[in-house]
Every structure is written in structure tokens, then in C-alpha cells.
Amino acid sequence: MRIVLRCVYEHLEWFGRGPHENYPDRKTSADVGRYRSTVRAQYEPYVRPQEMGNREEVRWVALTDSSGAGLLVVAAAPLAMSALHFTAHDLDAAEHIHELSPRPEVVLCLDYKQCGLGNASCGPGVLDKYALRPEPACFSFSLRPYAPEMGDLAEVARVRLP
């Protein structure tokens with residue numbers, strides 16, 4: 001699921017694995033916790049642009065403006081998430097980092113699962129247990145408005161909706 005948000009939602013906070021990017025086969029160094037960053041800081045200057053910034057086992061994520069108001073996403077079950085100033089197409093279309101131009105908007109991606117990375121650039125591909133196969137899948141999450149006067153993000157995320 002890709003959601004495009006206005007550029008004012010630059011502040012990123014999540015409860016999941018972090019603080020650095022992580023994938024199913026690259027997450028043991030990323031503890032589950034509560035993390036804060038910015039969307040701009042999610043960019044990784046890889047020599048060849050590619051998908052980046054994924055966070056695994058995310059229970060909730062918030063994108064907020066400078067006043068702390070914004071969007072809170074609460075997952076029914078842990079999911080994968082990234083928030084960038086690029087779409088997957090932007091990253092795939094560029095051969096070199098100088099060909100990338102950050103979008104002013106925020107591109108939030110919520111994924112049921114991510115494939116492992118493997119090491120195909122200089123070694124074997126992804127191990128079978130981290131590969132994704134085409135099969136029906138279902139995941140759900142709620143989109144909620146958030147403002148600081150509502151209380152702490154973690155407490156608001158715990159509220160069950162009818």
C-alpha cells in the first residue's frame with residue numbers, strides 16, 4: 001500500500017525494528033523499540049539507487065508536521081514500512097544517485113511482507129526462508145488522525161477501534 005502525503009509530514013516515529021533500515025534477513029541488529037527520525041534521514045546514498053529504508057515488525061508509524069499533528073497508522077499485525085521522498089519507480093529509473101531528485105511529498109509504503117535481500121550483487125541470492133512467493137495475502141491497519149493534545153502516540157495507538 002502506497003500513501004502519498006504532503007511534504008509537511010516530515011517527522012517520522014514508529015514502534016518496530018530500528019533505528020537503521022532492516023529487512024527480513026537483515027534485522028538481528030535492529031532491536032524492536034520506539035524510534036524517531038525524519039523522512040529525509042531515511043535516504044541511503046547507495047552507489048546505484050535501489051529500494052531502501054525498510055523497517056520490519058512495525059506495530060505503528062506516525063508522520064507528523066512541525067506541530068506534532070499528522071497521520072497515525074496502526075497495524076493489526078506487524079508489517080514492513082518505509083517513508084521516503086522517492087517512489088520505487090524513481091529509484092529503479094535512476095542508474096546513479098545524481099539522477100535522483102527528491103519529491104517534495106512523502107511516500108509512505110506499508111507492506112504485508114518484504115523479500116529478504118540475499119547477496120545477489122556479489123554472492124548468493126536470498127535464502128528460501130526469506131523469499132516471497134506469489135500467494136493470497138491479507139493485512140490490515142487503521143489510518144487515524146493524530147494531534148499532540150490526544151496524548152502520547154503509543155497510548156493513542158493502543159486504543160482499539162470499534
# chains A, B, ... in the order shown; residues from 1 in each chain; ligands from 1

$ residues_around --residues "Gly68 of chain A" --least-positions-apart "3" --cutoff "8 Å" --atoms "only C-alpha atoms" --output "PyMOL selection string"
chain A and resi 64-65+147-148

$ residues_around --residues "His85 of chain A" --least-positions-apart "5" --cutoff "7 Å" --atoms "only C-alpha atoms" --output "list of chain:residue names"
A:Arg40, A:Pro102, A:Arg103, A:Pro104, A:Glu105, A:Val106, A:Val107

$ write_last_selection --atoms "all heavy atoms" --output "PDB file, in the first residue's frame"
ATOM      1  N   ARG A  40      13.546  12.604   5.469  1.00  0.00           N
ATOM      2  CA  ARG A  40      14.784  12.899   4.731  1.00  0.00           C
ATOM      3  C   ARG A  40      15.933  12.000   5.192  1.00  0.00           C
ATOM      4  O   ARG A  40      16.746  11.552   4.390  1.00  0.00           O
ATOM      5  CB  ARG A  40      15.167  14.369   4.906  1.00  0.00           C
ATOM      6  CG  ARG A  40      16.338  14.792   4.057  1.00  0.00           C
ATOM      7  CD  ARG A  40      16.564  16.291   4.029  1.00  0.00           C
ATOM      8  NE  ARG A  40      15.392  17.134   3.956  1.00  0.00           N
ATOM      9  CZ  ARG A  40      14.622  17.331   2.875  1.00  0.00           C
ATOM     10  NH1 ARG A  40      14.924  16.727   1.757  1.00  0.00           N
ATOM     11  NH2 ARG A  40      13.592  18.121   2.914  1.00  0.00           N
ATOM     12  N   PRO A 102      14.714  14.289  -5.029  1.00  0.00           N
ATOM     13  CA  PRO A 102      13.689  14.001  -4.021  1.00  0.00           C
ATOM     14  C   PRO A 102      12.373  14.696  -4.358  1.00  0.00           C
ATOM     15  O   PRO A 102      12.359  15.845  -4.801  1.00  0.00           O
ATOM     16  CB  PRO A 102      14.285  14.577  -2.728  1.00  0.00           C
ATOM     17  CG  PRO A 102      15.730  14.764  -2.996  1.00  0.00           C
ATOM     18  CD  PRO A 102      15.874  14.968  -4.469  1.00  0.00           C
ATOM     19  N   ARG A 103      11.290  13.984  -4.168  1.00  0.00           N
ATOM     20  CA  ARG A 103       9.964  14.574  -4.339  1.00  0.00           C
ATOM     21  C   ARG A 103       9.670  15.442  -3.108  1.00  0.00           C
ATOM     22  O   ARG A 103      10.124  15.123  -2.012  1.00  0.00           O
ATOM     23  CB  ARG A 103       8.913  13.475  -4.414  1.00  0.00           C
ATOM     24  CG  ARG A 103       9.016  12.631  -5.657  1.00  0.00           C
ATOM     25  CD  ARG A 103       8.057  11.442  -5.588  1.00  0.00           C
ATOM     26  NE  ARG A 103       8.114  10.702  -6.822  1.00  0.00           N
ATOM     27  CZ  ARG A 103       7.298  10.920  -7.855  1.00  0.00           C
ATOM     28  NH1 ARG A 103       6.363  11.848  -7.767  1.00  0.00           N
ATOM     29  NH2 ARG A 103       7.426  10.227  -8.956  1.00  0.00           N
ATOM     30  N   PRO A 104       8.874  16.480  -3.257  1.00  0.00           N
ATOM     31  CA  PRO A 104       8.523  17.268  -2.071  1.00  0.00           C
ATOM     32  C   PRO A 104       7.587  16.488  -1.137  1.00  0.00           C
ATOM     33  O   PRO A 104       7.646  16.648   0.080  1.00  0.00           O
ATOM     34  CB  PRO A 104       7.845  18.509  -2.641  1.00  0.00           C
ATOM     35  CG  PRO A 104       7.429  18.131  -4.022  1.00  0.00           C
ATOM     36  CD  PRO A 104       8.365  17.063  -4.485  1.00  0.00           C
ATOM     37  N   GLU A 105       6.745  15.622  -1.701  1.00  0.00           N
ATOM     38  CA  GLU A 105       5.820  14.857  -0.870  1.00  0.00           C
ATOM     39  C   GLU A 105       6.513  13.660  -0.210  1.00  0.00           C
ATOM     40  O   GLU A 105       7.615  13.295  -0.564  1.00  0.00           O
ATOM     41  CB  GLU A 105       4.595  14.391  -1.680  1.00  0.00           C
ATOM     42  CG  GLU A 105       4.901  13.593  -2.900  1.00  0.00           C
ATOM     43  CD  GLU A 105       5.066  14.415  -4.167  1.00  0.00           C
ATOM     44  OE1 GLU A 105       4.897  15.646  -4.138  1.00  0.00           O
ATOM     45  OE2 GLU A 105       5.404  13.823  -5.189  1.00  0.00           O
ATOM     46  N   VAL A 106       5.814  13.077   0.744  1.00  0.00           N
ATOM     47  CA  VAL A 106       6.291  11.896   1.464  1.00  0.00           C
ATOM     48  C   VAL A 106       5.591  10.671   0.883  1.00  0.00           C
ATOM     49  O   VAL A 106       4.366  10.663   0.735  1.00  0.00           O
ATOM     50  CB  VAL A 106       5.983  12.012   2.975  1.00  0.00           C
ATOM     51  CG1 VAL A 106       6.308  10.725   3.701  1.00  0.00           C
ATOM     52  CG2 VAL A 106       6.731  13.192   3.572  1.00  0.00           C
ATOM     53  N   VAL A 107       6.366   9.642   0.565  1.00  0.00           N
ATOM     54  CA  VAL A 107       5.824   8.399   0.035  1.00  0.00           C
ATOM     55  C   VAL A 107       5.933   7.343   1.139  1.00  0.00           C
ATOM     56  O   VAL A 107       7.021   6.875   1.463  1.00  0.00           O
ATOM     57  CB  VAL A 107       6.577   7.947  -1.231  1.00  0.00           C
ATOM     58  CG1 VAL A 107       5.992   6.643  -1.764  1.00  0.00           C
ATOM     59  CG2 VAL A 107       6.543   9.038  -2.295  1.00  0.00           C
TER      60      VAL A 107
END

$ select_by_dssp --residues "chain A" --states "strand (DSSP E)" --output "VMD selection string"
chain A and resid 2 to 5 11 to 18 31 to 38 55 to 64 70 to 84 106 to 111 141 to 146

$ closest_residue --among "A:Leu72, A:Ala93, A:Phe86, A:Asn54" --to "Val4 of chain A" --atoms "only C-alpha atoms"
A:Phe86

$ closest_residue --among "A:Ala76, A:Val126, A:Leu71, A:Ile3" --to "Leu153 of chain A" --atoms "only C-alpha atoms"
A:Leu71

$ closest_residue --among "A:Glu51, A:Asp111, A:Asp90, A:Glu57" --to "Cys138 of chain A" --atoms "only C-alpha atoms"
A:Asp111

$ residues_around --residues "Val73 of chain A" --least-positions-apart "6" --cutoff "6 Å" --atoms "only C-alpha atoms" --output "PyMOL selection string"
chain A and resi 60-61+142-143

$ select_by_dssp --residues "chain A" --states "alpha helix (DSSP H)" --output "MDAnalysis selection string"
chainID A and resid 88:93 153:158

$ atom_distance --atom1 "atom CA of Arg55 of chain A" --atom2 "atom CA of Tyr130 of chain A"
15.1 Å

$ residues_around --residues "segment 24-38 of chain A" --least-positions-apart "5" --cutoff "8 Å" --atoms "only C-alpha atoms" --output "ChimeraX atom specification"
/A:10-19,56-57,114-118,130

$ closest_residue --among "A:Tyr112, A:Ala77, A:Glu149, A:Ala88" --to "Glu135 of chain A" --atoms "only C-alpha atoms"
A:Tyr112

$ atom_distance --atom1 "atom CA of Asp128 of chain A" --atom2 "atom CA of Thr87 of chain A"
27.3 Å

$ atom_distance --atom1 "atom CA of Lys113 of chain A" --atom2 "atom CA of Glu21 of chain A"
14.6 Å

$ closest_residue --among "A:Ser101, A:Ser82, A:Ala131, A:Val74" --to "Val159 of chain A" --atoms "only C-alpha atoms"
A:Val74

$ closest_residue --among "A:Leu91, A:Leu108, A:Ala154, A:Ala62" --to "Pro45 of chain A" --atoms "only C-alpha atoms"
A:Leu91
